[in-house]
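A short write-up of the structure that comes next.
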Amino acid sequence: MSTTSESSRNRSKSSSTTAVLVATIRAVHLRFHATRIFEDDYALHMLPPFWHAVASYRLMKWLVSDVILGVYRPVYPAVVLRARYTEDQLMEAMKEGVNQYVILGAGFDTFTLRHKDIADRLQVFEVDHAATQEVKRQRIMKANGSIPDNLTFVPVDFENDRLDEELSKAGFDSQTPAFFSWLGVTYYLTQEAIRDTLERVAAMSAPGTRLVFDFKTAKHMMSAEWRTLAEKMEGFVARRGEPMLTDFTPQSLTDLLERYGYQEVEMMPPEEQQKRYLGDSSEIEPAEFFHFAQFAVAPPAEEKDS
Ligand SMILES: C[S@@+](CC[C@H](N)C(=O)[O-])C[C@H]1O[C@@H](n2cnc3c(N)ncnc32)[C@H](O)[C@@H]1O
């Protein structure tokens, strides 16, 4: 067994800390920000007591989020911006008939709780480590009394398991286009796990299937100020057992996805995020090193030619 698989197996034994942190960012955003990008009114219910208090009480929020962890503040907006972008794109895809949503590395994403009105039109598959899913199941039961009927948990470790086999066992339909999101995950994976996931998603999905995700840019693209912050952030998450392993340039990413049979739909660098969602707002600014991307599974070569 490789060292990477071993360390991934060790990580997968406990619930994800970074998943709690980003759910806290969404809960804090809803409670404390005047500029409202994304309304996650179930995020608070996903949090353990300490982070629940941070997202509930102004003094706690100030002390923990603005002072103790204040150096990371410029990174927080990426979490709400990527969620907003993804769900906007999902709603557009549903207008075109998409009825399956696969959330890769779902963590404490609360989509099914927030969108009960469309439950009869959308089957949702949440993919993550079993340990994180177990904690989430308990928090959903507490907040909602039951697991939404349209939600299926699919336990998968991207480093070790076969995503395609597990999704099809769970009932994923390869014949109709689906929508995949992969938020806050790619940088925690090895290159091998990213390639494997891209290959399996392309192979198991109908042409037209969309994949939306975020990625961290390579250090040489960052300004000195953001590079220093990226290094601090990498140390912070590594100390919590979730090291960041992979980054891309937009070009290296596009080359990789094209190799696995995808077509680029849209790239969302920070300038585009600003333009589309923030305008002149100065309360929230996108993080320089988190870009979003949307790709579609291309039709097989013979279909393209005809
Ligand atoms: C930063 S959290 C993001 C959670 C969620 N997508 C969101 O934006 O709120 C990263 C998630 O990826 C999951 N993850 C990381 N590595 C993984 C792996 N090898 N296999 C499965 N899930 C993984 C973690 O368990 C965690 O839930």
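Residues are referred to by chain and number: the chain letter is A, B, ... according to the order shown in the structure tokens, the number counts from 1 in that chain, and ligands are numbered separately from 1 in the order shown.
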
Residue neighbourhood region 209-218 of chain A, 9 Å, only C-alpha atoms, exclusion window fewer than 3 positions, as a ChimeraX atom specification: /A:82,85-86,89-90,93,98,176-187,201-202,205-206,221-222,246-250,253,265,268,288-298

Cut-off 6 Å, only C-alpha atoms and all ligand atoms, neighbours of ligand 1 as a PyMOL selection string: chain A and resi 16+18-19+22-23+105-109+128-129+132+156-159+183-185+188-189

Next, dump the selected residues to file, keeping only N, CA and C atoms, as a PDB file, in the first residue's frame.
ATOM      1  N   SER A  16     -14.312  15.006   8.797  1.00  0.00           N
ATOM      2  CA  SER A  16     -13.465  16.082   8.265  1.00  0.00           C
ATOM      3  C   SER A  16     -13.575  17.379   9.064  1.00  0.00           C
ATOM      4  N   THR A  18     -12.037  20.230   7.974  1.00  0.00           N
ATOM      5  CA  THR A  18     -12.203  21.336   7.027  1.00  0.00           C
ATOM      6  C   THR A  18     -13.672  21.457   6.605  1.00  0.00           C
ATOM      7  N   ALA A  19     -14.388  20.321   6.597  1.00  0.00           N
ATOM      8  CA  ALA A  19     -15.819  20.393   6.236  1.00  0.00           C
ATOM      9  C   ALA A  19     -16.591  21.192   7.286  1.00  0.00           C
ATOM     10  N   VAL A  22     -15.695  25.023   6.792  1.00  0.00           N
ATOM     11  CA  VAL A  22     -16.376  25.737   5.701  1.00  0.00           C
ATOM     12  C   VAL A  22     -17.881  25.868   5.967  1.00  0.00           C
ATOM     13  N   ALA A  23     -18.458  24.902   6.678  1.00  0.00           N
ATOM     14  CA  ALA A  23     -19.880  25.061   7.067  1.00  0.00           C
ATOM     15  C   ALA A  23     -19.997  26.241   8.045  1.00  0.00           C
ATOM     16  N   GLY A 105     -17.267  14.903  -2.349  1.00  0.00           N
ATOM     17  CA  GLY A 105     -16.665  15.539  -1.159  1.00  0.00           C
ATOM     18  C   GLY A 105     -17.672  16.480  -0.537  1.00  0.00           C
ATOM     19  N   ALA A 106     -18.877  15.960  -0.274  1.00  0.00           N
ATOM     20  CA  ALA A 106     -20.013  16.813   0.122  1.00  0.00           C
ATOM     21  C   ALA A 106     -19.829  17.467   1.486  1.00  0.00           C
ATOM     22  N   GLY A 107     -19.080  16.810   2.387  1.00  0.00           N
ATOM     23  CA  GLY A 107     -18.919  17.382   3.724  1.00  0.00           C
ATOM     24  C   GLY A 107     -20.280  17.691   4.323  1.00  0.00           C
ATOM     25  N   PHE A 108     -20.434  18.940   4.823  1.00  0.00           N
ATOM     26  CA  PHE A 108     -21.692  19.337   5.445  1.00  0.00           C
ATOM     27  C   PHE A 108     -22.499  20.271   4.537  1.00  0.00           C
ATOM     28  N   ASP A 109     -22.425  20.021   3.245  1.00  0.00           N
ATOM     29  CA  ASP A 109     -23.268  20.725   2.276  1.00  0.00           C
ATOM     30  C   ASP A 109     -24.722  20.380   2.587  1.00  0.00           C
ATOM     31  N   ASP A 128     -18.496  11.001   0.030  1.00  0.00           N
ATOM     32  CA  ASP A 128     -17.483  11.466   0.988  1.00  0.00           C
ATOM     33  C   ASP A 128     -16.998  10.254   1.772  1.00  0.00           C
ATOM     34  N   HIS A 129     -16.062  10.497   2.666  1.00  0.00           N
ATOM     35  CA  HIS A 129     -15.641   9.433   3.576  1.00  0.00           C
ATOM     36  C   HIS A 129     -16.827   9.028   4.455  1.00  0.00           C
ATOM     37  N   THR A 132     -17.293  11.016   7.887  1.00  0.00           N
ATOM     38  CA  THR A 132     -17.937  12.334   7.802  1.00  0.00           C
ATOM     39  C   THR A 132     -19.440  12.154   7.560  1.00  0.00           C
ATOM     40  N   VAL A 156     -17.154   6.867  -0.240  1.00  0.00           N
ATOM     41  CA  VAL A 156     -16.052   6.614  -1.189  1.00  0.00           C
ATOM     42  C   VAL A 156     -14.828   7.381  -0.698  1.00  0.00           C
ATOM     43  N   ASP A 157     -13.667   6.752  -0.773  1.00  0.00           N
ATOM     44  CA  ASP A 157     -12.399   7.463  -0.596  1.00  0.00           C
ATOM     45  C   ASP A 157     -11.814   7.622  -1.998  1.00  0.00           C
ATOM     46  N   PHE A 158     -11.694   8.854  -2.472  1.00  0.00           N
ATOM     47  CA  PHE A 158     -11.217   9.084  -3.851  1.00  0.00           C
ATOM     48  C   PHE A 158      -9.826   8.484  -4.084  1.00  0.00           C
ATOM     49  N   GLU A 159      -9.057   8.316  -3.000  1.00  0.00           N
ATOM     50  CA  GLU A 159      -7.692   7.794  -3.154  1.00  0.00           C
ATOM     51  C   GLU A 159      -7.675   6.270  -3.297  1.00  0.00           C
ATOM     52  N   LEU A 183     -16.484  20.689  -4.589  1.00  0.00           N
ATOM     53  CA  LEU A 183     -16.101  21.983  -4.005  1.00  0.00           C
ATOM     54  C   LEU A 183     -15.224  21.816  -2.768  1.00  0.00           C
ATOM     55  N   GLY A 184     -14.111  22.525  -2.786  1.00  0.00           N
ATOM     56  CA  GLY A 184     -13.217  22.476  -1.635  1.00  0.00           C
ATOM     57  C   GLY A 184     -12.532  21.133  -1.493  1.00  0.00           C
ATOM     58  N   VAL A 185     -12.344  20.435  -2.581  1.00  0.00           N
ATOM     59  CA  VAL A 185     -11.804  19.068  -2.471  1.00  0.00           C
ATOM     60  C   VAL A 185     -10.532  18.842  -3.290  1.00  0.00           C
ATOM     61  N   TYR A 188      -7.042  18.840  -1.819  1.00  0.00           N
ATOM     62  CA  TYR A 188      -6.705  17.855  -0.770  1.00  0.00           C
ATOM     63  C   TYR A 188      -6.370  16.486  -1.359  1.00  0.00           C
ATOM     64  N   LEU A 189      -6.457  16.357  -2.672  1.00  0.00           N
ATOM     65  CA  LEU A 189      -6.258  15.049  -3.305  1.00  0.00           C
ATOM     66  C   LEU A 189      -4.908  14.981  -4.013  1.00  0.00           C
TER      67      LEU A 189
END

Excluding Glu166 (chain A) and any residue of its chain fewer than 3 positions from it, enumerate the residues within 12 Å of it, using only C-alpha atoms, and give them as an mmCIF file with N, CA and C atoms, in the first residue's frame.
data_model
loop_
_atom_site.group_PDB
_atom_site.id
_atom_site.type_symbol
_atom_site.label_atom_id
_atom_site.label_comp_id
_atom_site.auth_asym_id
_atom_site.auth_seq_id
_atom_site.Cartn_x
_atom_site.Cartn_y
_atom_site.Cartn_z
ATOM 1 N N PHE A 125 -26.816 12.472 -4.825
ATOM 2 C CA PHE A 125 -25.857 11.487 -4.310
ATOM 3 C C PHE A 125 -24.733 12.261 -3.644
ATOM 4 N N GLU A 126 -24.520 11.996 -2.365
ATOM 5 C CA GLU A 126 -23.413 12.665 -1.658
ATOM 6 C C GLU A 126 -22.275 11.680 -1.462
ATOM 7 N N VAL A 127 -21.108 12.049 -1.985
ATOM 8 C CA VAL A 127 -19.930 11.191 -1.914
ATOM 9 C C VAL A 127 -18.943 11.791 -0.916
ATOM 10 N N ASP A 128 -18.496 11.001 0.030
ATOM 11 C CA ASP A 128 -17.483 11.466 0.988
ATOM 12 C C ASP A 128 -16.998 10.254 1.772
ATOM 13 N N THR A 152 -28.989 10.126 -1.208
ATOM 14 C CA THR A 152 -28.307 8.845 -0.987
ATOM 15 C C THR A 152 -26.851 9.126 -0.638
ATOM 16 N N PHE A 153 -26.397 8.571 0.479
ATOM 17 C CA PHE A 153 -24.984 8.702 0.864
ATOM 18 C C PHE A 153 -24.190 7.603 0.171
ATOM 19 N N VAL A 154 -23.093 8.000 -0.469
ATOM 20 C CA VAL A 154 -22.244 7.030 -1.163
ATOM 21 C C VAL A 154 -20.837 7.139 -0.561
ATOM 22 N N PRO A 155 -20.503 6.243 0.370
ATOM 23 C CA PRO A 155 -19.171 6.337 0.983
ATOM 24 C C PRO A 155 -18.067 5.947 0.005
ATOM 25 N N VAL A 156 -17.154 6.867 -0.240
ATOM 26 C CA VAL A 156 -16.052 6.614 -1.189
ATOM 27 C C VAL A 156 -14.828 7.381 -0.698
ATOM 28 N N ASP A 157 -13.667 6.752 -0.773
ATOM 29 C CA ASP A 157 -12.399 7.463 -0.596
ATOM 30 C C ASP A 157 -11.814 7.622 -1.998
ATOM 31 N N PHE A 158 -11.694 8.854 -2.472
ATOM 32 C CA PHE A 158 -11.217 9.084 -3.851
ATOM 33 C C PHE A 158 -9.826 8.484 -4.084
ATOM 34 N N ASN A 160 -8.734 5.623 -2.843
ATOM 35 C CA ASN A 160 -8.674 4.155 -2.768
ATOM 36 C C ASN A 160 -9.842 3.410 -3.396
ATOM 37 N N ASP A 161 -10.987 4.061 -3.550
ATOM 38 C CA ASP A 161 -12.191 3.323 -3.965
ATOM 39 C C ASP A 161 -12.577 3.637 -5.399
ATOM 40 N N ARG A 162 -13.474 2.812 -5.932
ATOM 41 C CA ARG A 162 -13.946 3.021 -7.305
ATOM 42 C C ARG A 162 -15.254 3.815 -7.280
ATOM 43 N N LEU A 163 -15.134 5.083 -7.615
ATOM 44 C CA LEU A 163 -16.295 5.964 -7.598
ATOM 45 C C LEU A 163 -17.409 5.452 -8.514
ATOM 46 N N LYS A 169 -23.870 1.342 -7.923
ATOM 47 C CA LYS A 169 -24.582 0.531 -6.907
ATOM 48 C C LYS A 169 -25.655 1.374 -6.206
ATOM 49 N N ALA A 170 -25.351 2.666 -6.043
ATOM 50 C CA ALA A 170 -26.285 3.550 -5.329
ATOM 51 C C ALA A 170 -27.459 3.989 -6.210
ATOM 52 N N GLY A 171 -27.411 3.638 -7.509
ATOM 53 C CA GLY A 171 -28.563 3.946 -8.376
ATOM 54 C C GLY A 171 -28.325 5.062 -9.365
ATOM 55 N N PHE A 172 -27.078 5.524 -9.510
ATOM 56 C CA PHE A 172 -26.795 6.581 -10.484
ATOM 57 C C PHE A 172 -27.084 6.075 -11.893
ATOM 58 N N ARG A 200 -13.223 8.448 -14.270
ATOM 59 C CA ARG A 200 -14.417 7.648 -13.954
ATOM 60 C C ARG A 200 -15.702 8.446 -14.187
ATOM 61 N N VAL A 201 -15.677 9.719 -13.818
ATOM 62 C CA VAL A 201 -16.886 10.537 -14.042
ATOM 63 C C VAL A 201 -17.175 10.604 -15.543
ATOM 64 N N MET A 204 -18.499 7.205 -16.879
ATOM 65 C CA MET A 204 -19.797 6.709 -16.410
ATOM 66 C C MET A 204 -20.958 7.660 -16.696
#

Within 12 Å of Glu225 (chain A) using only C-alpha atoms, minus same-chain residues under 5 positions, as a VMD selection string: chain A and resid 71 74 219 230 to 232 287 to 289

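Reported to one decimal place, the separation of CA of Ala34 (chain A) from CA of Asp66 (chain A) is 16.0 Å.
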
Per-residue DSSP, region 40-172 of chain A, filtered to strand (DSSP E), as a ChimeraX atom specification: /A:100-104,123-128,151-155

Okay, now the selection with C-alpha atoms, as an mmCIF file, in the first residue's frame?
data_model
loop_
_atom_site.group_PDB
_atom_site.id
_atom_site.type_symbol
_atom_site.label_atom_id
_atom_site.label_comp_id
_atom_site.auth_asym_id
_atom_site.auth_seq_id
_atom_site.Cartn_x
_atom_site.Cartn_y
_atom_site.Cartn_z
ATOM 1 C CA GLN A 100 -29.282 13.845 -10.833
ATOM 2 C CA TYR A 101 -26.869 15.836 -8.673
ATOM 3 C CA VAL A 102 -23.663 14.223 -7.406
ATOM 4 C CA ILE A 103 -21.872 16.167 -4.668
ATOM 5 C CA LEU A 104 -18.271 14.922 -4.561
ATOM 6 C CA GLN A 123 -31.930 12.686 -7.045
ATOM 7 C CA VAL A 124 -28.907 13.684 -4.939
ATOM 8 C CA PHE A 125 -25.857 11.487 -4.310
ATOM 9 C CA GLU A 126 -23.413 12.665 -1.658
ATOM 10 C CA VAL A 127 -19.930 11.191 -1.914
ATOM 11 C CA ASP A 128 -17.483 11.466 0.988
ATOM 12 C CA LEU A 151 -30.563 11.893 -0.694
ATOM 13 C CA THR A 152 -28.307 8.845 -0.987
ATOM 14 C CA PHE A 153 -24.984 8.702 0.864
ATOM 15 C CA VAL A 154 -22.244 7.030 -1.163
ATOM 16 C CA PRO A 155 -19.171 6.337 0.983
#

Nearest to Asn144 (chain A), chosen from A:Lys275, A:His45, A:Ala238, A:Gly97, with only C-alpha atoms counted in the distances: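 Selected residue with least distance to Asn144 (chain A): A:His45.
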